[in-house]
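Participant: Encoded as structure tokens, here's the structure I'll be asking about.
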Amino acid sequence: MQSPTSSLTASPNFSQAQDLAYQKTILRSVSRTFALTIPLLPPAIEKVVGNTYLLCRIIDTIEDAANLSVSTKQELSKLFLDCVLERLPAQDFVDSCLVALRDYSNLDELDLIAHTPTVLRILHTCSREDQAAVSRCVSIMSDGMSYFHGKQTQAGLQDLKEFEKYCYVVAGVVGELLTTVFSNHSTTFSKSFQGKENLAIAFGQALQMTNILKDSPEDKARGVSWKPMDMSQSDLLQIAYEKLQDSLRYILLVPKQDSGIRRFCFLAFGLAVMTLSKIAQRTEFNNKNEVKLSRRTVMTFYSFTSIAVHSDLLMKIFFHCSSKTLRKMTKA
């Protein structure tokens, strides 16, 4: 009889090189932004962060499936978590999830789900410390999303407290995960962040708030809102701006010698700043493409980050100049 975890171990039919090649390829297919940022990290960190992103993407796919009932989403989330925690074979989740998502249109995300065993094999080549951090992150996200599956309404979340809880379980916890993994691989980073771990949560939440505001027209079209029902878009932009301020403090704490980590964080941060600034310049928009950054803008900023990460002043100047609209809203 096959043991629950045997599907995750190395097999003659799979090589680590093949698995990692798949991880890099599918990452480019399911995320434009993180396909740019994750390769900036040192190889050992790139592997675990890329792996974590794909695991989180699987959870997001379950959430995004509009045709699934709340109970089905919760069942699939639990099944997935059991596989990550090695309680069940990964194929058990794959078979059930692909049947449930037979009408799902995103073929890249379906391919990722089909390759869940590959993603989990990569996870189990990481250090025990990194595996523990990833398991914690996926557990909190999976349990948290199961809770919020029942909160999906067009009216929105109940209040700011519930909104911040949502942003924590889907992104703030990722900020914590990143800080733990970075600390596992860099003693200088670890020393810099002692007692400042709360900034990691703000970093993740700022990125998530950007996504919520950017994706709000599409969410509305499928009968969902992740905004607090008692707050305006202007209020949310002000909160996001405060999270961005904490995010910059987070990045400035990263030792300059850890330039790959710095650039990874600053690139994600800068794209969020510019996106929120575009949103702030509009009273409303009907499609996320209206506030989407052009490829030229993204690649220009990508090049700029290679210089800016070596200068705290340059990063501060960028934030000051790029967040003028957000800052005016805060002062209003």
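Naming works like this for the structure tokens: A, B, ... for the chains as they're shown, residue 1 at the start of each chain, ligands 1 onward in shown order.
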Please provide the set of residues having any atom within 8 Å of Leu199 of chain A, restricted to only C-alpha atoms, with same-chain residues fewer than 5 positions apart removed, written as a compact mmCIF listing (two decimals) with C-alpha atoms, in the first residue's frame.

Facilitator:
```txt
# COMPACT_ATOMS: atom_id res chain seq x y z
CA ASP A 246 5.46 51.05 6.41
CA SER A 247 6.48 48.97 3.38
CA ARG A 249 10.45 51.30 6.10
CA TYR A 250 10.55 47.53 5.71
```

Participant: Report as a tab-separated table the residues of segment 21-114 of chain A within 12 Å of segment 271-280 of chain A, each with its shortest atom pair and distance in Å (one decimal), using only C-alpha atoms, ordered by chain and increasing residue number.

Facilitator:
```
residue	atom	partner	partner_atom	distance
A:Arg32	CA	A:Leu271	CA	11.6
A:Thr33	CA	A:Leu271	CA	8.6
A:Phe34	CA	A:Leu271	CA	11.1
A:Leu36	CA	A:Leu271	CA	11.2
A:Thr37	CA	A:Leu271	CA	10.6
```

Participant: Identify, on the basis of only C-alpha atoms, every residue whose closest approach to Glu284 of chain A does not exceed 12 Å; exclude the query and any residue fewer than 3 positions from it along the same chain; express the result as an MDAnalysis selection string.

Facilitator: chainID A and resid 213:214 216:217 232:234 278:281 287:288 290:291

Participant: So which residues touch segment 261-265 of chain A within 8 Å, counting only C-alpha atoms, skipping near sequence neighbours fewer than 5 positions away, as a list in words?

Facilitator: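 After dropping sequence-adjacent residues, the list is Thr37, Ile38, Leu40, Leu41, Pro42, Phe182, Ile251, Val254, Pro255, Lys256, Thr305, Ser306 and Val309 of chain A.
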
Participant: Pick out the closest residue to Lys324 of chain A from this set: A:Asn211, A:Thr179, A:Ser294, A:Gln238. Count only C-alpha atoms.

Facilitator: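 The shortest atom-to-atom distance to Lys324 of chain A comes from A:Gln238.
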
Participant: Compile the contact shell of segment 61-70 of chain A as a PDB file with C-alpha atoms, in the first residue's frame: residues with an atom at most 9 Å away, counting only C-alpha atoms, same-chain residues fewer than 3 positions apart removed.

Facilitator:
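Below is the file that was written, around.pdb:
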```
ATOM      1  CA  CYS A  56      -0.707  30.257  -2.872  1.00  0.00           C
ATOM      2  CA  ARG A  57      -1.779  30.536  -6.513  1.00  0.00           C
ATOM      3  CA  ILE A  58      -3.517  27.156  -6.216  1.00  0.00           C
ATOM      4  CA  LYS A  73     -14.307  25.487  -2.065  1.00  0.00           C
ATOM      5  CA  GLN A  74     -13.898  24.709   1.617  1.00  0.00           C
ATOM      6  CA  GLU A  75     -13.574  20.977   0.932  1.00  0.00           C
ATOM      7  CA  LEU A  76     -10.943  21.540  -1.756  1.00  0.00           C
ATOM      8  CA  SER A  77      -9.012  23.968   0.456  1.00  0.00           C
ATOM      9  CA  CYS A  97      -9.943  19.604  -7.915  1.00  0.00           C
ATOM     10  CA  ALA A 100     -14.632  20.354  -9.698  1.00  0.00           C
ATOM     11  CA  LEU A 101     -12.940  22.811 -12.090  1.00  0.00           C
ATOM     12  CA  ASP A 103     -15.535  24.235 -16.610  1.00  0.00           C
ATOM     13  CA  TYR A 104     -12.734  26.560 -15.436  1.00  0.00           C
ATOM     14  CA  GLU A 109      -3.930  27.523 -13.617  1.00  0.00           C
ATOM     15  CA  LEU A 110      -5.439  24.116 -14.385  1.00  0.00           C
ATOM     16  CA  ILE A 113      -3.121  22.222 -10.273  1.00  0.00           C
ATOM     17  CA  MET A 145      -9.690  31.658   2.790  1.00  0.00           C
ATOM     18  CA  SER A 146     -12.067  28.881   3.857  1.00  0.00           C
ATOM     19  CA  HIS A 149     -15.410  31.808   1.165  1.00  0.00           C
ATOM     20  CA  GLY A 150     -18.644  32.325   3.074  1.00  0.00           C
ATOM     21  CA  GLN A 152     -18.200  36.594  -0.650  1.00  0.00           C
ATOM     22  CA  ARG A 222     -18.924  38.200 -10.597  1.00  0.00           C
TER      23      ARG A 222
END
```

Participant: Can you pull out every residue within 10 Å of segment 46-49 of chain A, counting only C-alpha atoms, but drop anything in the same chain fewer than 4 positions away, and send it as a PyMOL selection string?

Facilitator: chain A and resi 20+23-24+34+37-42+53-55+122-127+130-131+133-134+174+177-178+181-182+260-261

Participant: Could you save the residues just selected, with C-alpha atoms, as a tab-separated table (two decimals), in the first residue's frame?

Facilitator:
```
chain	number	residue	atom	x	y	z
A	20	LEU	CA	12.55	23.38	-11.14
A	23	GLN	CA	8.33	25.82	-11.66
A	24	LYS	CA	10.08	28.59	-13.60
A	34	PHE	CA	6.21	37.75	-9.75
A	37	THR	CA	10.53	39.84	-9.12
A	38	ILE	CA	11.24	36.29	-7.88
A	39	PRO	CA	14.25	35.61	-10.18
A	40	LEU	CA	15.99	38.61	-8.57
A	41	LEU	CA	16.42	36.61	-5.36
A	42	PRO	CA	19.48	34.44	-4.59
A	53	TYR	CA	3.85	31.62	-4.73
A	54	LEU	CA	2.63	28.62	-6.75
A	55	LEU	CA	1.10	26.99	-3.67
A	122	ILE	CA	10.21	20.92	-4.84
A	123	LEU	CA	9.00	22.08	-1.42
A	124	HIS	CA	10.39	18.93	0.16
A	125	THR	CA	13.86	19.63	-1.22
A	126	CYS	CA	13.99	22.87	0.80
A	127	SER	CA	15.45	23.11	4.31
A	130	ASP	CA	11.94	26.87	5.08
A	131	GLN	CA	9.42	24.03	4.84
A	133	ALA	CA	7.67	28.55	7.28
A	134	VAL	CA	5.87	27.62	4.05
A	174	VAL	CA	3.14	36.09	3.04
A	177	LEU	CA	6.83	34.11	5.39
A	178	LEU	CA	9.23	36.20	3.30
A	181	VAL	CA	12.82	32.77	4.77
A	182	PHE	CA	15.07	35.77	4.23
A	260	GLY	CA	18.69	40.68	-4.44
A	261	ILE	CA	16.22	40.73	-1.54
```

Participant: Out of A:Leu252, A:Arg102, A:Asp312, A:Thr300, which residue has the shortest atom-to-atom distance to Ser192 of chain A when counting only C-alpha atoms?

Facilitator: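 Selected residue with least distance to Ser192 of chain A: A:Leu252.
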